[in-house]
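Listing of upload.txt; format and content: compact mmCIF, C-alpha atoms.
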```
# COMPACT_ATOMS: atom_id res chain seq x y z
CA MET A 1 95.77 86.07 100.41
CA LYS A 2 93.32 88.64 99.12
CA LEU A 3 92.70 91.46 101.52
CA CYS A 4 90.89 94.70 100.86
CA PHE A 5 91.96 97.91 102.58
CA ALA A 6 88.65 99.75 102.75
CA THR A 7 89.96 103.07 101.54
CA ASN A 8 90.43 104.96 98.33
CA ASN A 9 92.71 107.47 100.03
CA THR A 10 95.89 107.12 98.01
CA HIS A 11 97.97 108.59 100.85
CA LYS A 12 96.86 105.77 103.11
CA LEU A 13 97.47 103.13 100.45
CA ASP A 14 100.98 104.49 99.91
CA GLU A 15 101.64 104.45 103.64
CA VAL A 16 100.57 100.84 103.93
CA SER A 17 102.58 99.76 100.91
CA SER A 18 105.63 101.47 102.32
CA LEU A 19 105.05 99.73 105.66
CA LEU A 20 104.78 96.37 103.93
CA GLY A 21 108.18 97.06 102.37
CA VAL A 22 109.63 97.79 105.80
CA LYS A 23 107.96 94.67 107.19
CA MET A 24 109.54 92.60 104.45
CA GLY A 25 112.87 94.01 105.64
CA LEU A 26 113.44 96.05 102.50
CA LEU A 27 116.31 98.48 102.91
CA SER A 28 117.59 101.21 100.63
CA LEU A 29 121.25 102.04 100.11
CA LYS A 30 120.80 104.98 102.46
CA ASP A 31 119.46 102.61 105.12
CA ILE A 32 122.67 100.57 105.06
CA GLY A 33 124.92 103.64 105.00
CA CYS A 34 126.03 103.31 101.39
CA THR A 35 126.35 106.83 100.01
CA GLU A 36 128.80 106.27 97.17
CA GLU A 37 127.72 106.04 93.54
CA LEU A 38 127.65 102.40 92.43
CA GLU A 39 129.89 101.67 89.46
CA GLU A 40 128.25 100.53 86.22
CA SER A 41 131.18 99.74 83.98
CA THR A 42 130.59 96.31 82.46
CA GLY A 43 129.02 97.50 79.24
CA THR A 44 125.92 95.32 79.54
CA ILE A 45 122.64 95.62 81.44
CA SER A 46 123.07 92.14 82.89
CA GLY A 47 126.67 92.85 83.89
CA ASN A 48 125.89 96.18 85.53
CA SER A 49 123.02 94.69 87.46
CA ARG A 50 125.31 91.98 88.82
CA GLN A 51 128.18 94.41 89.41
CA LYS A 52 126.07 96.62 91.67
CA ALA A 53 124.52 93.78 93.66
CA GLU A 54 127.84 92.02 94.22
CA TYR A 55 129.55 95.25 95.26
CA VAL A 56 126.93 95.96 97.94
CA PHE A 57 126.85 92.34 99.12
CA LYS A 58 130.62 92.16 99.50
CA LYS A 59 131.20 95.58 101.03
CA TYR A 60 128.15 95.80 103.31
CA LYS A 61 127.63 92.10 104.09
CA VAL A 62 123.91 92.29 103.40
CA SER A 63 121.76 90.28 101.01
CA CYS A 64 121.00 92.53 98.14
CA PHE A 65 119.40 92.94 94.78
CA ALA A 66 120.18 95.53 92.17
CA ASP A 67 118.49 96.34 88.91
CA ASP A 68 119.71 97.71 85.67
CA SER A 69 117.37 98.70 82.92
CA GLY A 70 117.56 99.98 79.42
CA LEU A 71 115.54 100.97 76.41
CA GLU A 72 116.42 99.07 73.25
CA VAL A 73 115.27 100.66 70.00
CA GLU A 74 115.27 98.37 66.99
CA ALA A 75 116.03 101.04 64.39
CA LEU A 76 118.99 102.20 66.49
CA ASN A 77 120.46 98.69 66.72
CA GLY A 78 119.50 98.38 70.36
CA ALA A 79 120.64 101.85 71.45
CA PRO A 80 120.49 103.50 73.91
CA GLY A 81 120.49 100.11 75.73
CA VAL A 82 122.94 99.95 78.62
CA ASP A 83 123.61 103.67 78.15
CA SER A 84 119.94 104.67 78.50
CA ALA A 85 120.48 106.78 81.64
CA ILE A 86 123.44 108.66 80.17
CA TYR A 87 122.40 108.71 76.50
CA ALA A 88 122.71 112.48 76.21
CA GLY A 89 125.60 112.78 78.65
CA PRO A 90 126.71 112.11 82.20
CA GLN A 91 124.32 114.64 83.72
CA ARG A 92 121.57 111.97 83.40
CA SER A 93 118.80 114.38 82.37
CA HIS A 94 115.63 112.51 81.38
CA GLU A 95 114.67 115.52 79.28
CA ASP A 96 117.94 115.59 77.32
CA ASN A 97 117.87 111.81 76.84
CA ILE A 98 114.36 111.90 75.42
CA ASN A 99 115.17 114.81 73.14
CA LEU A 100 118.23 113.03 71.74
CA LEU A 101 116.21 109.86 71.18
CA LEU A 102 113.48 111.74 69.30
CA LYS A 103 116.14 113.51 67.23
CA ASN A 104 117.85 110.23 66.33
CA LEU A 105 114.47 108.77 65.35
CA ALA A 106 113.33 111.79 63.34
CA GLY A 107 111.88 110.52 60.06
CA VAL A 108 112.37 106.89 61.09
CA ILE A 109 109.29 104.78 60.43
CA ASN A 110 110.25 101.73 62.51
CA ARG A 111 109.51 102.87 66.09
CA LYS A 112 109.74 99.42 67.69
CA ALA A 113 111.36 99.42 71.10
CA ARG A 114 111.44 97.46 74.28
CA PHE A 115 112.32 98.16 77.87
CA ILE A 116 114.35 95.54 79.67
CA THR A 117 115.19 95.16 83.35
CA ILE A 118 117.57 92.63 84.78
CA ILE A 119 117.62 92.20 88.53
CA THR A 120 120.47 90.37 90.23
CA LEU A 121 119.89 88.89 93.66
CA VAL A 122 122.97 88.12 95.71
CA THR A 123 122.66 86.25 99.00
CA PRO A 124 125.17 83.99 100.76
CA GLY A 125 125.96 81.26 98.23
CA LEU A 126 123.54 82.52 95.58
CA VAL A 127 123.68 84.80 92.55
CA LYS A 128 120.46 84.75 90.52
CA GLN A 129 119.08 86.97 87.79
CA PHE A 130 115.47 87.89 86.93
CA LYS A 131 114.45 89.49 83.65
CA GLY A 132 111.45 91.55 82.64
CA THR A 133 110.64 93.16 79.32
CA VAL A 134 107.87 95.22 77.80
CA GLU A 135 107.50 95.66 74.05
CA GLY A 136 106.22 98.86 72.56
CA GLU A 137 106.97 101.82 70.36
CA ILE A 138 108.51 105.27 70.61
CA LEU A 139 106.05 108.11 70.05
CA HIS A 140 106.95 111.32 68.23
CA ALA A 141 106.43 113.56 71.27
CA LYS A 142 106.26 113.31 75.03
CA THR A 143 102.88 112.44 76.49
CA GLY A 144 102.10 112.19 80.19
CA SER A 145 103.89 113.30 83.32
CA ALA A 146 103.94 110.28 85.65
CA GLY A 147 106.78 107.77 85.86
CA PHE A 148 110.34 108.68 84.94
CA GLY A 149 113.05 108.16 82.35
CA TYR A 150 111.72 107.46 78.86
CA ASP A 151 108.19 106.72 80.10
CA PRO A 152 106.63 109.78 78.36
CA VAL A 153 107.60 108.57 74.87
CA PHE A 154 107.09 104.82 75.32
CA LYS A 155 103.73 103.35 74.40
CA PRO A 156 103.46 99.67 75.34
CA ASN A 157 101.90 97.42 72.69
CA GLY A 158 98.18 96.97 73.23
CA PHE A 159 97.72 100.20 75.14
CA SER A 160 96.58 103.59 73.94
CA LYS A 161 98.74 105.54 76.35
CA THR A 162 102.35 105.90 77.41
CA LEU A 163 103.87 104.56 80.61
CA ALA A 164 103.88 108.17 81.82
CA GLN A 165 100.09 108.34 81.46
CA MET A 166 99.52 105.29 83.61
CA THR A 167 98.89 105.18 87.32
CA MET A 168 101.48 103.28 89.35
CA ASP A 169 98.99 100.41 89.59
CA GLU A 170 98.57 100.24 85.82
CA LYS A 171 102.30 100.50 85.22
CA ASN A 172 103.01 97.84 87.82
CA LYS A 173 100.89 95.38 85.88
CA ILE A 174 102.97 95.61 82.71
CA SER A 175 106.30 97.33 83.17
CA HIS A 176 109.66 95.68 82.62
CA ARG A 177 110.77 96.45 86.17
CA ALA A 178 107.50 95.22 87.65
CA ARG A 179 107.79 91.97 85.72
CA ALA A 180 111.36 91.36 86.81
CA MET A 181 110.45 92.38 90.35
CA THR A 182 107.49 90.01 90.39
CA GLU A 183 109.82 87.18 89.37
CA LEU A 184 112.13 88.17 92.22
CA ILE A 185 109.31 88.37 94.75
CA ASN A 186 107.94 84.99 93.64
CA PHE A 187 111.40 83.52 94.10
CA LEU A 188 111.82 85.09 97.54
CA THR A 189 108.39 83.87 98.60
CA SER A 190 109.24 80.27 97.74
CA HIS A 191 112.90 80.45 98.84
CA PRO A 192 113.06 82.39 102.10
CA ILE A 193 116.47 83.99 102.61
CA MET B 1 114.61 88.86 106.20
CA LYS B 2 116.80 91.86 105.59
CA LEU B 3 117.23 92.67 101.95
CA CYS B 4 118.75 95.76 100.44
CA PHE B 5 117.46 97.19 97.17
CA ALA B 6 120.62 98.79 95.80
CA THR B 7 119.02 102.06 94.80
CA ASN B 8 118.31 105.46 96.24
CA ASN B 9 115.88 106.23 93.44
CA THR B 10 112.69 106.95 95.36
CA HIS B 11 110.56 106.23 92.27
CA LYS B 12 111.95 102.71 92.15
CA LEU B 13 111.51 102.19 95.89
CA ASP B 14 107.90 103.34 95.60
CA GLU B 15 107.30 100.98 92.69
CA VAL B 16 108.67 98.02 94.63
CA SER B 17 106.71 98.87 97.77
CA SER B 18 103.57 99.13 95.71
CA LEU B 19 104.35 95.76 94.10
CA LEU B 20 104.85 94.18 97.50
CA GLY B 21 101.39 95.40 98.40
CA VAL B 22 99.96 93.79 95.25
CA LYS B 23 101.92 90.60 95.99
CA MET B 24 100.43 90.51 99.47
CA GLY B 25 97.04 90.64 97.72
CA LEU B 26 96.24 94.12 98.98
CA LEU B 27 93.21 95.56 97.21
CA SER B 28 91.64 98.99 97.39
CA LEU B 29 87.91 99.66 97.35
CA LYS B 30 88.23 100.58 93.69
CA ASP B 31 89.86 97.21 93.00
CA ILE B 32 86.81 95.36 94.35
CA GLY B 33 84.35 97.64 92.55
CA CYS B 34 83.10 99.48 95.63
CA THR B 35 82.47 103.06 94.60
CA GLU B 36 79.96 104.12 97.22
CA GLU B 37 80.92 106.25 100.22
CA LEU B 38 81.22 104.05 103.31
CA GLU B 39 78.93 105.07 106.14
CA GLU B 40 80.51 106.28 109.39
CA SER B 41 77.56 106.78 111.69
CA THR B 42 78.35 105.04 114.98
CA GLY B 43 79.71 108.08 116.78
CA THR B 44 82.98 106.42 117.80
CA ILE B 45 86.29 105.79 116.09
CA SER B 46 86.20 102.14 117.07
CA GLY B 47 82.60 101.77 115.89
CA ASN B 48 83.18 103.49 112.56
CA SER B 49 86.23 101.35 111.86
CA ARG B 50 84.21 98.20 112.46
CA GLN B 51 81.18 99.53 110.57
CA LYS B 52 83.21 100.08 107.41
CA ALA B 53 85.06 96.75 107.54
CA GLU B 54 81.90 94.75 108.21
CA TYR B 55 80.00 96.52 105.44
CA VAL B 56 82.64 95.68 102.85
CA PHE B 57 83.05 92.11 104.11
CA LYS B 58 79.33 91.42 103.96
CA LYS B 59 78.55 93.14 100.69
CA TYR B 60 81.65 92.20 98.68
CA LYS B 61 82.50 88.84 100.31
CA VAL B 62 86.16 89.73 100.69
CA SER B 63 88.35 89.77 103.77
CA CYS B 64 88.81 93.35 104.66
CA PHE B 65 90.25 95.85 107.07
CA ALA B 66 89.17 99.43 107.58
CA ASP B 67 90.68 102.18 109.66
CA ASP B 68 89.21 105.11 111.41
CA SER B 69 91.37 107.76 112.94
CA GLY B 70 90.93 110.90 114.94
CA LEU B 71 92.73 113.66 116.72
CA GLU B 72 91.88 114.00 120.39
CA VAL B 73 92.79 117.36 121.96
CA GLU B 74 92.82 117.37 125.76
CA ALA B 75 91.76 121.00 126.21
CA LEU B 76 88.81 120.39 123.87
CA ASN B 77 87.62 117.36 125.83
CA GLY B 78 88.75 114.97 123.11
CA ALA B 79 87.41 116.94 120.15
CA PRO B 80 87.55 116.77 117.19
CA GLY B 81 87.83 113.00 117.83
CA VAL B 82 85.54 110.91 115.69
CA ASP B 83 84.58 114.06 113.78
CA SER B 84 88.17 114.95 112.84
CA ALA B 85 87.58 114.65 109.09
CA ILE B 86 84.44 116.78 109.16
CA TYR B 87 85.33 119.13 112.02
CA ALA B 88 84.72 122.27 109.95
CA GLY B 89 81.92 120.77 107.89
CA PRO B 90 81.01 117.99 105.49
CA GLN B 91 83.27 119.27 102.72
CA ARG B 92 86.18 117.61 104.55
CA SER B 93 88.72 120.35 103.85
CA HIS B 94 91.98 119.76 105.73
CA GLU B 95 92.63 123.49 105.55
CA ASP B 96 89.29 124.45 107.10
CA ASN B 97 89.60 121.78 109.79
CA ILE B 98 93.04 123.00 110.82
CA ASN B 99 91.93 126.64 110.87
CA LEU B 100 88.96 125.82 113.11
CA LEU B 101 91.18 123.82 115.45
CA LEU B 102 93.69 126.67 115.75
CA LYS B 103 90.83 129.12 116.35
CA ASN B 104 89.33 126.94 119.10
CA LEU B 105 92.76 126.67 120.70
CA ALA B 106 93.60 130.38 120.46
CA GLY B 107 95.00 131.49 123.81
CA VAL B 108 94.83 127.95 125.20
CA ILE B 109 98.02 126.93 126.97
CA ASN B 110 97.38 123.18 127.20
CA ARG B 111 98.19 121.96 123.66
CA LYS B 112 98.31 118.24 124.48
CA ALA B 113 96.80 116.03 121.81
CA ARG B 114 96.99 112.54 120.44
CA PHE B 115 96.24 110.82 117.21
CA ILE B 116 94.49 107.51 117.40
CA THR B 117 93.82 104.89 114.74
CA ILE B 118 91.70 101.83 115.17
CA ILE B 119 91.84 99.21 112.45
CA THR B 120 89.21 96.50 112.25
CA LEU B 121 90.03 93.28 110.43
CA VAL B 122 87.10 91.17 109.30
CA THR B 123 87.69 87.73 107.83
CA PRO B 124 85.43 84.65 107.83
CA GLY B 125 84.77 83.98 111.50
CA LEU B 126 86.96 86.78 112.82
CA VAL B 127 86.53 90.42 113.84
CA LYS B 128 89.66 91.88 115.44
CA GLN B 129 90.76 95.42 116.23
CA PHE B 130 94.23 96.95 116.31
CA LYS B 131 95.00 100.29 117.91
CA GLY B 132 97.80 102.79 117.45
CA THR B 133 98.34 106.15 119.09
CA VAL B 134 100.88 108.93 118.99
CA GLU B 135 101.06 111.58 121.69
CA GLY B 136 102.04 115.15 120.90
CA GLU B 137 100.98 118.76 120.86
CA ILE B 138 99.19 121.20 118.60
CA LEU B 139 101.42 123.98 117.27
CA HIS B 140 100.20 127.56 116.77
CA ALA B 141 100.66 127.51 112.99
CA LYS B 142 100.99 125.05 110.15
CA THR B 143 104.49 123.76 109.48
CA GLY B 144 105.44 121.37 106.70
CA SER B 145 103.69 120.19 103.56
CA ALA B 146 103.97 116.39 103.55
CA GLY B 147 101.33 114.04 104.94
CA PHE B 148 97.69 115.03 105.16
CA GLY B 149 94.91 115.94 107.58
CA TYR B 150 96.14 117.64 110.75
CA ASP B 151 99.77 116.59 110.18
CA PRO B 152 101.01 120.20 109.67
CA VAL B 153 100.00 121.29 113.19
CA PHE B 154 100.81 118.08 115.10
CA LYS B 155 104.26 117.77 116.68
CA PRO B 156 104.83 114.33 118.19
CA ASN B 157 106.44 114.30 121.64
CA GLY B 158 110.22 113.92 121.43
CA PHE B 159 110.50 115.33 117.92
CA SER B 160 111.33 118.86 116.80
CA LYS B 161 109.12 118.73 113.73
CA THR B 162 105.54 118.07 112.72
CA LEU B 163 104.26 114.94 111.00
CA ALA B 164 104.03 117.08 107.86
CA GLN B 165 107.78 117.75 107.99
CA MET B 166 108.66 114.07 108.12
CA THR B 167 109.45 111.78 105.24
CA MET B 168 107.12 108.83 104.84
CA ASP B 169 109.82 106.62 106.35
CA GLU B 170 110.09 108.82 109.43
CA LYS B 171 106.33 109.08 109.81
CA ASN B 172 105.94 105.33 109.37
CA LYS B 173 108.15 104.73 112.40
CA ILE B 174 105.94 106.68 114.80
CA SER B 175 102.51 107.46 113.42
CA HIS B 176 99.26 106.20 114.91
CA ARG B 177 98.23 104.58 111.66
CA ALA B 178 101.66 102.99 111.17
CA ARG B 179 101.54 101.56 114.69
CA ALA B 180 98.07 100.11 114.25
CA MET B 181 99.05 98.85 110.80
CA THR B 182 102.19 97.20 112.15
CA GLU B 183 100.04 95.38 114.72
CA LEU B 184 97.77 94.25 111.90
CA ILE B 185 100.67 93.10 109.72
CA ASN B 186 102.24 91.22 112.62
CA PHE B 187 98.93 89.49 113.19
CA LEU B 188 98.52 88.61 109.52
CA THR B 189 102.07 87.29 109.37
CA SER B 190 101.45 84.90 112.24
CA HIS B 191 97.83 84.08 111.32
CA PRO B 192 97.66 83.62 107.54
CA ILE B 193 94.18 84.28 106.23
```
Written as structure tokens, that's how I'd like the structure from this file.
Amino acid sequence: MKLCFATNNTHKLDEVSSLLGVKMGLLSLKDIGCTEELEESTGTISGNSRQKAEYVFKKYKVSCFADDSGLEVEALNGAPGVDSAIYAGPQRSHEDNINLLLKNLAGVINRKARFITIITLVTPGLVKQFKGTVEGEILHAKTGSAGFGYDPVFKPNGFSKTLAQMTMDEKNKISHRARAMTELINFLTSHPI
Amino acid sequence: MKLCFATNNTHKLDEVSSLLGVKMGLLSLKDIGCTEELEESTGTISGNSRQKAEYVFKKYKVSCFADDSGLEVEALNGAPGVDSAIYAGPQRSHEDNINLLLKNLAGVINRKARFITIITLVTPGLVKQFKGTVEGEILHAKTGSAGFGYDPVFKPNGFSKTLAQMTMDEKNKISHRARAMTELINFLTSHPI
């Protein structure tokens, strides 16, 4: 299906997208009454993704997917990796995390990095994982204010701007999470749950 | 389908909703290369909605829906109605429109009003309209900063806050556009195009 919504009003487009999510039956943790912090203690992105999805599925009896993502920097042997969100400490400040990353890469010539997302879908009788990656490099300073996390210092290969300089549409075409999510959505479309 | 996304990160929820829109094949005017202003010259909400959808369908050969909305105030004999977006002039300032509305309602006791949206879907061989309304009242001053248009002065019946004080989720449960859009989505779900 290709269907144009004859508007360029971004408020309206956001409203419709949000409605489509509701129509698809998409629920947030808040919607199912889950207010506790989900544990991420397996030490791997894949493990944490599965840990969160299985916890919600078992406790709340609802089909569920969870994602875990990380930034892997080649010159740092894959760090911050599974610890990306808490790289600079448990307070999870994007600012502090970015500053620590730039400090640890000061003077380093190899800036190669990649974002990875692993989504785990858990439904009755099924546990399935979907992976998305985007290759790029770490800039020397923050650029752009959109997005979140390490987006302002990550320039995807083949683009002249960071993830934080992209519109959501642009980012959704190439980002690690979007790619993993597209795999998930394709699966759900062909395997109704 | 009920499916929980195990996150309360609103950025991630927005990204997924946006992706679902892309997956559904939802395109904006920009996506199809339409940069001109769409004419709204029929004098009615229903007519303008159809005018815009038919224009895009004919010129760009793509299935299309367009919405037109208005605020109908009982004490003003249905004004601003079809002229809601340009009530205070062609510059389409929400601020100016609201100020003129409050001025025209100064000292008026009957504050009854309703928002109406009419969506027209045009596909090969089909022209169909979907309507959504929300009844409420016009407050004496702006309250809230979310949403757009007249949202800050419109309090839906049965709620203690304006549309501009609601989250997108809350607004999507009751708004005129959301109701019309839900009708459209239900139709599309049962009549694949």
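For the point (115.8, 101.6, 64.9), the residues with at least one atom inside 10 Å, counting all atoms listed in the file, are Glu72, Val73, Glu74, Ala75, Leu76, Asn77, Gly78, Ala79, Asn104, Leu105, Val108, Ile109, Asn110, Arg111, Lys112, Ala113 and Ile138 of chain A.
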Take the residues just selected and output them with C-alpha atoms as a PDB file, in the frame of the given file.
```
ATOM      1  CA  GLU A  72     116.420  99.070  73.250  1.00  0.00           C
ATOM      2  CA  VAL A  73     115.270 100.660  70.000  1.00  0.00           C
ATOM      3  CA  GLU A  74     115.270  98.370  66.990  1.00  0.00           C
ATOM      4  CA  ALA A  75     116.030 101.040  64.390  1.00  0.00           C
ATOM      5  CA  LEU A  76     118.990 102.200  66.490  1.00  0.00           C
ATOM      6  CA  ASN A  77     120.460  98.690  66.720  1.00  0.00           C
ATOM      7  CA  GLY A  78     119.500  98.380  70.360  1.00  0.00           C
ATOM      8  CA  ALA A  79     120.640 101.850  71.450  1.00  0.00           C
ATOM      9  CA  ASN A 104     117.850 110.230  66.330  1.00  0.00           C
ATOM     10  CA  LEU A 105     114.470 108.770  65.350  1.00  0.00           C
ATOM     11  CA  VAL A 108     112.370 106.890  61.090  1.00  0.00           C
ATOM     12  CA  ILE A 109     109.290 104.780  60.430  1.00  0.00           C
ATOM     13  CA  ASN A 110     110.250 101.730  62.510  1.00  0.00           C
ATOM     14  CA  ARG A 111     109.510 102.870  66.090  1.00  0.00           C
ATOM     15  CA  LYS A 112     109.740  99.420  67.690  1.00  0.00           C
ATOM     16  CA  ALA A 113     111.360  99.420  71.100  1.00  0.00           C
ATOM     17  CA  ILE A 138     108.510 105.270  70.610  1.00  0.00           C
TER      18      ILE A 138
END
```
Given all atoms listed in the file, how would the per-residue table for region 94-180 of chain B near region 4-9 of chain A read, listing every residue at most 10 Å away with its closest atom pair and distance in Å to one decimal, sorted by chain and number, as a tab-separated table?
```
residue	atom	partner	partner_atom	distance
B:Ile119	CA	A:Phe5	CA	10.0
B:Leu121	CA	A:Phe5	CA	9.3
B:Val122	CA	A:Cys4	CA	9.9
```
Exercise for review: When you get a sec, could you note down which chain A residues fall within 6 Å of chain B, using only C-alpha atoms, as a ChimeraX atom specification?
Suggested key: /A:1-8,17-18,21,25-29,63-66
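Minimum distance to Gly136 (chain A) across A:Arg50, A:His191, A:Lys161, A:Lys58 (counting only C-alpha atoms) occurs at A:Lys161.
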From CA of Thr167 (chain B) to CA of Pro90 (chain A) the spacing works out at 28.8 Å
If we count all atoms listed in the file and set the cut-off at 9 Å, which residues sit around Gly149 (chain A), ignoring sequence neighbours fewer than 5 positions away in its own chain? Please answer as number ranges by chain. A: 84-85, 93-95, 97-98
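Going from CA of Pro152 (chain B) to CA of Gln165 (chain B) covers 7.4 Å.
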Could you work out an axis-aligned bounding box for all listed atoms of region 24-40 of chain B, with 8 Å added on each of the six sides, and give its centre and edge lengths in Å to one decimal, as JSON?
```
{"center_x": 89.7, "center_y": 98.4, "center_z": 101.0, "size_x": 37.5, "size_y": 31.8, "size_z": 32.8}
```
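For the pair CA of Glu39 (chain B) and CA of Gln51 (chain B), the interatomic distance is 7.4 Å.
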Kindly provide, as an NGL selection string, the polymer residues lying within 6 Å of (113.9, 90.6, 88.6), counting only C-alpha atoms and using the coordinates exactly as they appear in the file. :A and (118-119 or 130-131 or 180-181 or 183-184)
query: Contacts of Ile116 (chain B) at 8 Å or less, counting only C-alpha atoms, minus same-chain residues fewer than 5 places along, as JSON, numbers by chain?
result: {"B": [69, 70, 71, 72, 131, 132, 133, 134, 176, 177]}
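Restricting the calculation to all atoms listed in the file, the smallest distance between Leu102 (chain B) and any of B:Phe159, B:Phe115, B:Tyr150, B:Phe187 is found for B:Tyr150.
Here the question is which of B:Pro124, B:Glu54, B:Ser46, B:Lys61 gets nearest to Gly81 (chain B) using only C-alpha atoms, and that residue is B:Ser46.
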